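Colleague: Dumping the structure here so I can ask a few things about it.
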Amino acid sequence: MTRIDDKIRRVDALEKARGEAKYLADLSFDDMLYARFVRSTVARGRIVSVELPDLPEGYWYISAKDIPEGCANSLVMIAGDWRCFADGDVRYVGETIGVLVGRSRAVLKALEEAITVTYEEGEPAVSIDDALALKGGPILEKDDIHCSLVSEKGEDVEEVLARAETIVEETVETGFQEHVHLETNSALCCIEDGRYTFYISCQCPFYVRKSVAGLLGLKPQDIRVKQTTTGGAFGGKEHFPDVLAGPLLVAESVVRKPIKLVFDREEDMLYSVKRHPSKVTFRTGLDKDGRIMGSDINVYYNCGAYLSSSYVVLQRGVFHANGVYNFPSTRIHGYGMATNTFPSDAFRGFGAPQTLFAIETHMDHIAHRLGVDPVEYKRSCFLCQGDETVTQGHIVEKVVLEEMLEQVAAKSDYWRKSKEYGRGSGKGIGMSFYNHGGAFTGNGEQAIIKAHLKLVKDGGHFTILCGQTEMGQGFRTILRKIVASVLEVDLDDITYDNPDTDLVPDSGPTAASRSTMIVGRLAEEAATKMKERLGEDHVEIETEYSHPEGHPWDQSTFKGDAYLGYGWGCACVEVEVDPITNEVKVVGIWSSHDIGRAIDELIVHGQVNGGIIQSLGYASMEKMENRGGHFRQTSMSDYVIPTSMDFPRQEWGLVDNPYEWGPYGAKGMGELVFNGADAAYIDAVERAMDVTINKIPMPVEDLEAVR
């Protein structure tokens, strides 16, 4: 019998460790063909002509002209502006102009190199500043603003700032970040039983069919999507698989043979979505005692050429822009800027890491300016249960930041080290605090997602049917464990396979730290109902998400309780910096998190370690530059990510704080653990070097410039 407190080996651990797991690249079908994208080589311009070489027999070139008349050349994501094929003009380097299909990948590569696309080039706008200045003219009809919103609380900020003793102005910036999932993007389209069918490495199979159906005038349910074993995602396979699936579907409608597309690593680096770069400006008013009276904050995200999910990313960034702090008055303007770069999209944290880094860094700088310890200054502003949020809602749950602070400070010996390590001494220690709203914002779960899950009993075996995907985070193990614990059966008595949209209900996307918190709760409810009918031979139980009452949200004004449950975190990083080479050595990493109740500490351990190391890479070494619309880093030899050799063993802990509406009291955690170590690292480096840093990443070669 499996109990919820048991620490168990992940159900997919052995097949992956032994190399037995079958990924999309391993699949083969009779008479299967391959695909290769023909992409724009300029960031902005009008397509004058596309000159094709003579295509051998059995090879095809597919483009916008092959979309049936009356059907839209559009991929329907959250918005529908992303074109399946560039037609008439191009808006970013790597935009899909066409797709070549044939039997030999070597021949496809040679054909692609032989295609000549002639452009009338325009001047691209690549950065946020370029977009604000309307460089090259508007990308959109009138300006370069894809989307915007404002969130405010308290008194009018201008009146508050007019009364302030001091106003601190500052700009904090973050850069692109590459997902570097172990398995590159891949998809296969074929016809099975007379229907278009996708085998695809993705997070959200129901998203894929919705996105591409209109290309052929179909309904989403006319298309079948089967998720294959997915080797990592981090958000990079939330909407981006749609960009692969669209051209493949159009090609399949012409060729009518199985077509497989697998990116190599260089394609994945150059021609896939990234984390949104950001620019956050502050005007923060202090009273005569240095206390924050209010802050005027502008948040700018570089969305790239198309909107995709950027409006929702921007919303979460704005709603987290005050971090874990209760400022009396705040006004936050958010802007999603259109640029001629590859569109940015979902990435672990979904917009929150950028603003959380900004507010933590801003708070550190204010504290240093006042000559007080940053941790003491921050704790004086901590949010508490019942406090008003930036969306004029309230913190519903108990907040245990003080407990996490005590835990981390004791393990790291923070107070002693903070006093002893003088600025510029070569040694530094920093601490950050952060949160992450679990599940979809506001009424998203009830009004948009409406998650369903089905639990089926046949004889003595149980099958979980839901749309949630395993992408390396351990959810296949977690969901089976929840059901097994409720039913008091062994894990082997339960099956939960990769979803097939023909067989499972739509449980919503595998994103937004919602899988355990929302879908896990549905599984717990279904298992509880099933337990009452264990004597029956065949039983089917279906559950649907129901939003707790008494927590209003107005989607038109973005006011109310944006999140009913937050994950909370505290991270501490200690560094030593070589005064000659600027080489930074991290000598200690400590963290504590409130994730409600941990369903399985082994999986939590892996998520904490991985998330914090990924956050440290974001701050210290993962430099991705874009020049004229072209990413300069093309491989893992010039885009550096952390390895186990770059950072020391972590010490981590949890503060138990059961969440009322989660399975066994669990909350979301997958994104939370990314959200704070970057700021702690930068504060530690600033103290060690006696410098001020206002942007990340900050690799060693850039540190000399801030001295």
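By order of appearance in the structure tokens: chains A, B, ..., then residues from 1 within every chain, and ligands from 1 in the order shown.
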Identify, on the basis of only C-alpha atoms, every residue whose closest approach to A:Lys411 does not exceed 8 Å; exclude the query and any residue fewer than 3 positions from it along the same chain; express the result as a list in words.
Modeller: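 Answer for this query is Gln407, Val408, Tyr414, Trp590 and Glu651 of chain A.
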Colleague: Output C-alpha atoms of each residue in that selection to a file, as a PDB file, in the first residue's frame.
Modeller:
```
ATOM      1  CA  GLN A 407      15.405  28.648   9.155  1.00  0.00           C
ATOM      2  CA  VAL A 408      17.695  29.983   6.418  1.00  0.00           C
ATOM      3  CA  TYR A 414      23.607  34.994   7.889  1.00  0.00           C
ATOM      4  CA  TRP A 590      20.528  27.743   1.458  1.00  0.00           C
ATOM      5  CA  GLU A 651      20.991  22.962   1.978  1.00  0.00           C
TER       6      GLU A 651
END
```
Colleague: For stretch 602-607 of chain A, find every residue with an atom within 10 Å (counting only C-alpha atoms), except residues of its own chain fewer than 3 positions away, and show them as number ranges by chain.
Modeller: A: 6-10, 472-475, 477-478, 595, 598-599, 610-613, 650-654, 669-674
Colleague: Just list as number ranges by chain whatever in stretch 343-461 of chain A DSSP marks as alpha helix (DSSP H).
Modeller: A: 352-370, 374-379, 401-412, 414-420, 444
Colleague: Would you compute the distance between atom CA of A:Thr543 and atom CA of A:Leu503? Give it in Å to one decimal.
Modeller: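 Between atom CA of A:Thr543 and atom CA of A:Leu503 the gap is 15.6 Å.
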Colleague: Find the distance between atom CA of A:Thr2 and atom CA of A:Tyr566 and write it in Å to one decimal.
Modeller: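 Answer for the atom CA of A:Thr2 to atom CA of A:Tyr566 separation: 28.0 Å.
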Colleague: Leaving out A:Arg521 and any residue of its chain fewer than 2 positions from it, which residues lie within 12 Å of it when counting only C-alpha atoms, given as a VMD selection string?
Modeller: chain A and resid 451 to 453 478 to 479 482 to 483 486 507 514 to 519 523 to 528 543 to 547 599 659 to 668
Colleague: Fewer than 6 positions away in the same chain doesn't count, so skip those; otherwise give me all residues within 10 Å of stretch 145-158 of chain A, counting only C-alpha atoms, as a count of residues only.
Modeller: 54
Colleague: Which residue gives the smallest distance to A:Arg46 among A:Thr355, A:Ser201, A:Asn657, A:Thr118, with only C-alpha atoms counted?
Modeller: A:Thr118
Colleague: Using only C-alpha atoms, which of the listed residues (A:Leu188, A:Gly628, A:Trp60, A:Ser412) sits closest to A:Arg91?
Modeller: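 Between A:Leu188, A:Gly628, A:Trp60, A:Ser412, the residue approaching A:Arg91 most closely is A:Gly628.
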Colleague: Which residue, A:Arg163, A:Arg649, A:His179, A:Lys481, has the smallest gap to A:Gly617 when you use only C-alpha atoms?
Modeller: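 Going through A:Arg163, A:Arg649, A:His179, A:Lys481 one by one, the smallest distance to A:Gly617 is for A:His179.
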Colleague: Mind listing the strand (DSSP E) residues of stretch 159-369 of chain A, per DSSP on the backbone, as a PyMOL selection string?
Modeller: chain A and resi 166-174+186-192+195-200+224-227+259-262+278-286+292-304+329-338
Colleague: Hey, can you check how far atom CA of A:Val489 sits from atom CA of A:Asp458?
Modeller: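 That distance, rounded to one decimal, is 14.1 Å.
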Colleague: For each of A:Leu100, A:Leu52, A:Ile589, A:Val38, take the minimum atom-to-atom distance to A:Ala677, counting only C-alpha atoms, then give the residue where this is smallest.
Modeller: A:Ile589
Colleague: From the set A:Arg533, A:Lys427, A:His538, A:Arg687, which residue has the shortest atom-to-atom contact distance to A:Val586, counting only C-alpha atoms?
Modeller: A:Lys427
Colleague: List the spatial neighbours of A:Leu270 as a ChimeraX atom specification - criterion: any atom at most 10 Å away, only C-alpha atoms, same-chain residues fewer than 4 positions off excluded.
Modeller: /A:93-94,178,265-266,274,342,630-635
Colleague: Take the selection from the previous step and output its residues with N, CA and C atoms, as a short mmCIF file (atom, residue, chain, number, x, y, z; two decimals), in the first residue's frame.
Modeller:
```cif
data_model
loop_
_atom_site.label_atom_id
_atom_site.label_comp_id
_atom_site.auth_asym_id
_atom_site.auth_seq_id
_atom_site.Cartn_x
_atom_site.Cartn_y
_atom_site.Cartn_z
N VAL A 93 13.86 37.04 -37.54
CA VAL A 93 14.78 36.03 -38.07
C VAL A 93 14.30 34.66 -37.59
N GLY A 94 14.11 33.77 -38.53
CA GLY A 94 13.64 32.43 -38.20
C GLY A 94 12.17 32.22 -38.44
N GLU A 178 17.48 30.90 -22.51
CA GLU A 178 17.15 29.73 -23.33
C GLU A 178 16.72 28.58 -22.42
N ARG A 265 20.15 20.74 -32.22
CA ARG A 265 20.36 21.67 -31.10
C ARG A 265 20.54 23.11 -31.59
N GLU A 266 21.21 23.30 -32.71
CA GLU A 266 21.40 24.66 -33.21
C GLU A 266 20.06 25.30 -33.59
N LYS A 274 12.07 32.14 -26.14
CA LYS A 274 12.95 32.39 -24.99
C LYS A 274 12.16 33.07 -23.87
N PHE A 342 12.65 36.90 -32.34
CA PHE A 342 11.86 35.68 -32.23
C PHE A 342 10.91 35.85 -31.05
N HIS A 630 19.31 38.68 -34.77
CA HIS A 630 19.98 37.38 -34.79
C HIS A 630 20.52 37.05 -33.40
N PHE A 631 20.18 35.86 -32.89
CA PHE A 631 20.81 35.39 -31.67
C PHE A 631 22.25 35.00 -31.96
N ARG A 632 23.16 35.46 -31.11
CA ARG A 632 24.58 35.20 -31.35
C ARG A 632 25.00 33.83 -30.82
N GLN A 633 24.34 33.37 -29.79
CA GLN A 633 24.70 32.08 -29.20
C GLN A 633 23.93 30.97 -29.93
N THR A 634 24.64 29.99 -30.44
CA THR A 634 24.03 29.00 -31.32
C THR A 634 24.16 27.57 -30.81
N SER A 635 24.89 27.36 -29.72
CA SER A 635 25.12 26.00 -29.24
C SER A 635 25.42 26.05 -27.75
#
```
Colleague: Identify which of the residues A:Tyr496, A:Trp568, A:Phe240, A:Tyr325 lies closest to A:Val399, counting only C-alpha atoms when measuring atom-to-atom distances.
Modeller: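 Counting only C-alpha atoms, the residue closest to A:Val399 is A:Trp568.
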Colleague: Quick one: residues within 7 Å of A:Val573, only C-alpha atoms, excluding same-chain residues fewer than 4 positions away - as a ChimeraX atom specification?
Modeller: /A:429-431,588-590,680-681,684
Colleague: Produce a file of the selected residues containing all heavy atoms, as an mmCIF file, in the first residue's frame.
Modeller:
```cif
data_model
loop_
_atom_site.group_PDB
_atom_site.id
_atom_site.type_symbol
_atom_site.label_atom_id
_atom_site.label_comp_id
_atom_site.auth_asym_id
_atom_site.auth_seq_id
_atom_site.Cartn_x
_atom_site.Cartn_y
_atom_site.Cartn_z
ATOM 1 N N ILE A 429 27.365 37.908 1.234
ATOM 2 C CA ILE A 429 26.229 37.018 1.449
ATOM 3 C C ILE A 429 24.960 37.817 1.200
ATOM 4 O O ILE A 429 24.847 38.982 1.608
ATOM 5 C CB ILE A 429 26.244 36.394 2.868
ATOM 6 C CG1 ILE A 429 25.182 35.295 2.989
ATOM 7 C CG2 ILE A 429 26.106 37.453 3.954
ATOM 8 C CD1 ILE A 429 25.348 34.416 4.231
ATOM 9 N N GLY A 430 24.028 37.235 0.468
ATOM 10 C CA GLY A 430 22.777 37.914 0.137
ATOM 11 C C GLY A 430 21.597 36.999 0.369
ATOM 12 O O GLY A 430 21.721 35.775 0.304
ATOM 13 N N MET A 431 20.450 37.602 0.646
ATOM 14 C CA MET A 431 19.243 36.821 0.884
ATOM 15 C C MET A 431 18.069 37.458 0.155
ATOM 16 O O MET A 431 17.941 38.683 0.130
ATOM 17 C CB MET A 431 18.940 36.730 2.382
ATOM 18 C CG MET A 431 17.865 35.706 2.731
ATOM 19 S SD MET A 431 17.464 35.617 4.501
ATOM 20 C CE MET A 431 19.017 35.056 5.177
ATOM 21 N N GLY A 588 28.154 28.818 -0.757
ATOM 22 C CA GLY A 588 27.031 28.334 0.037
ATOM 23 C C GLY A 588 25.694 28.708 -0.583
ATOM 24 O O GLY A 588 25.539 29.810 -1.111
ATOM 25 N N ILE A 589 24.746 27.776 -0.555
ATOM 26 C CA ILE A 589 23.382 28.008 -1.034
ATOM 27 C C ILE A 589 22.424 27.398 -0.018
ATOM 28 O O ILE A 589 22.522 26.203 0.297
ATOM 29 C CB ILE A 589 23.126 27.360 -2.408
ATOM 30 C CG1 ILE A 589 24.144 27.825 -3.448
ATOM 31 C CG2 ILE A 589 21.707 27.676 -2.892
ATOM 32 C CD1 ILE A 589 24.091 27.019 -4.748
ATOM 33 N N TRP A 590 21.514 28.211 0.490
ATOM 34 C CA TRP A 590 20.528 27.743 1.458
ATOM 35 C C TRP A 590 19.147 28.235 1.022
ATOM 36 O O TRP A 590 19.017 29.340 0.483
ATOM 37 C CB TRP A 590 20.827 28.291 2.853
ATOM 38 C CG TRP A 590 22.189 27.945 3.358
ATOM 39 C CD1 TRP A 590 22.542 26.880 4.135
ATOM 40 C CD2 TRP A 590 23.411 28.680 3.144
ATOM 41 N NE1 TRP A 590 23.884 26.892 4.404
ATOM 42 C CE2 TRP A 590 24.448 27.984 3.813
ATOM 43 C CE3 TRP A 590 23.722 29.857 2.446
ATOM 44 C CZ2 TRP A 590 25.767 28.437 3.808
ATOM 45 C CZ3 TRP A 590 25.030 30.298 2.432
ATOM 46 C CH2 TRP A 590 26.039 29.596 3.112
ATOM 47 N N ALA A 680 19.463 36.951 -4.713
ATOM 48 C CA ALA A 680 20.371 36.704 -3.594
ATOM 49 C C ALA A 680 21.816 36.668 -4.079
ATOM 50 O O ALA A 680 22.730 37.198 -3.426
ATOM 51 C CB ALA A 680 20.005 35.389 -2.900
ATOM 52 N N TYR A 681 22.048 36.042 -5.218
ATOM 53 C CA TYR A 681 23.393 35.974 -5.796
ATOM 54 C C TYR A 681 23.918 37.367 -6.124
ATOM 55 O O TYR A 681 25.064 37.717 -5.769
ATOM 56 C CB TYR A 681 23.354 35.105 -7.058
ATOM 57 C CG TYR A 681 24.626 35.136 -7.881
ATOM 58 C CD1 TYR A 681 25.678 34.279 -7.596
ATOM 59 C CD2 TYR A 681 24.765 36.027 -8.947
ATOM 60 C CE1 TYR A 681 26.848 34.303 -8.354
ATOM 61 C CE2 TYR A 681 25.919 36.058 -9.708
ATOM 62 C CZ TYR A 681 26.956 35.200 -9.411
ATOM 63 O OH TYR A 681 28.109 35.232 -10.155
ATOM 64 N N ALA A 684 24.847 39.308 -3.061
ATOM 65 C CA ALA A 684 26.100 38.821 -2.483
ATOM 66 C C ALA A 684 27.307 39.340 -3.261
ATOM 67 O O ALA A 684 28.312 39.765 -2.677
ATOM 68 C CB ALA A 684 26.098 37.294 -2.453
#
```
Colleague: Can you tell me which residues surround stretch 30-35 of chain A at a distance of at most 8 Å, considering only C-alpha atoms, apart from same-chain residues fewer than 3 positions away, and format the answer as number ranges by chain?
Modeller: A: 99-105, 108, 248, 257-261
Colleague: What would the file look like if the residues just selected were written as a JSON list (two decimals), in the first residue's frame with N, CA and C atoms?
Modeller:
```json
[["chain", "number", "residue", "atom", "x", "y", "z"],
["A", 99, "VAL", "N", 8.01, 24.95, -45.79],
["A", 99, "VAL", "CA", 8.55, 23.71, -45.25],
["A", 99, "VAL", "C", 8.81, 22.75, -46.41],
["A", 100, "LEU", "N", 10.00, 22.18, -46.40],
["A", 100, "LEU", "CA", 10.38, 21.16, -47.38],
["A", 100, "LEU", "C", 10.09, 19.79, -46.80],
["A", 101, "VAL", "N", 9.58, 18.90, -47.63],
["A", 101, "VAL", "CA", 9.23, 17.55, -47.19],
["A", 101, "VAL", "C", 9.80, 16.54, -48.17],
["A", 102, "GLY", "N", 10.42, 15.50, -47.63],
["A", 102, "GLY", "CA", 10.98, 14.45, -48.48],
["A", 102, "GLY", "C", 11.58, 13.33, -47.66],
["A", 103, "ARG", "N", 12.15, 12.35, -48.36],
["A", 103, "ARG", "CA", 12.60, 11.13, -47.68],
["A", 103, "ARG", "C", 13.97, 11.28, -47.03],
["A", 104, "SER", "N", 14.86, 12.11, -47.58],
["A", 104, "SER", "CA", 16.23, 12.20, -47.08],
["A", 104, "SER", "C", 16.46, 13.54, -46.40],
["A", 105, "ARG", "N", 16.92, 13.51, -45.17],
["A", 105, "ARG", "CA", 17.20, 14.75, -44.46],
["A", 105, "ARG", "C", 18.40, 15.48, -45.07],
["A", 108, "LEU", "N", 17.07, 17.31, -48.06],
["A", 108, "LEU", "CA", 16.27, 18.45, -47.61],
["A", 108, "LEU", "C", 17.17, 19.62, -47.21],
["A", 248, "LEU", "N", 3.29, 21.45, -40.42],
["A", 248, "LEU", "CA", 3.21, 20.01, -40.66],
["A", 248, "LEU", "C", 1.80, 19.60, -41.07],
["A", 257, "LYS", "N", 1.37, 11.51, -46.23],
["A", 257, "LYS", "CA", 2.25, 10.46, -45.69],
["A", 257, "LYS", "C", 2.78, 10.96, -44.36],
["A", 258, "PRO", "N", 3.16, 10.07, -43.44],
["A", 258, "PRO", "CA", 3.68, 10.53, -42.15],
["A", 258, "PRO", "C", 4.89, 11.45, -42.34],
["A", 259, "ILE", "N", 4.88, 12.58, -41.64],
["A", 259, "ILE", "CA", 5.96, 13.57, -41.76],
["A", 259, "ILE", "C", 6.51, 13.86, -40.36],
["A", 260, "LYS", "N", 7.82, 13.71, -40.21],
["A", 260, "LYS", "CA", 8.46, 13.93, -38.91],
["A", 260, "LYS", "C", 9.41, 15.12, -38.99],
["A", 261, "LEU", "N", 9.38, 15.93, -37.94],
["A", 261, "LEU", "CA", 10.27, 17.08, -37.82],
["A", 261, "LEU", "C", 10.93, 17.04, -36.46]]
```
Colleague: Residues of stretch 336-363 of chain A that have any atom at most 10 Å from an atom of stretch 228-233 of chain A: could you tabulate them with the shortest-distance atom pair and the distance in Å to one decimal, using only C-alpha atoms, ordered by chain and increasing number, as CSV?
Modeller:
```
residue,atom,partner,partner_atom,distance
A:Ala346,CA,A:Ala233,CA,9.8
A:Phe347,CA,A:Ala233,CA,8.5
A:Arg348,CA,A:Ala233,CA,8.9
```
Colleague: Restricting it to C-alpha atoms, dump the selection as a compact mmCIF listing (two decimals), in the first residue's frame.
Modeller:
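And here is the file that came out, out.txt:
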```txt
# COMPACT_ATOMS: atom_id res chain seq x y z
CA ALA A 346 6.34 30.79 -21.54
CA PHE A 347 9.31 30.00 -19.33
CA ARG A 348 9.39 28.67 -15.79
```
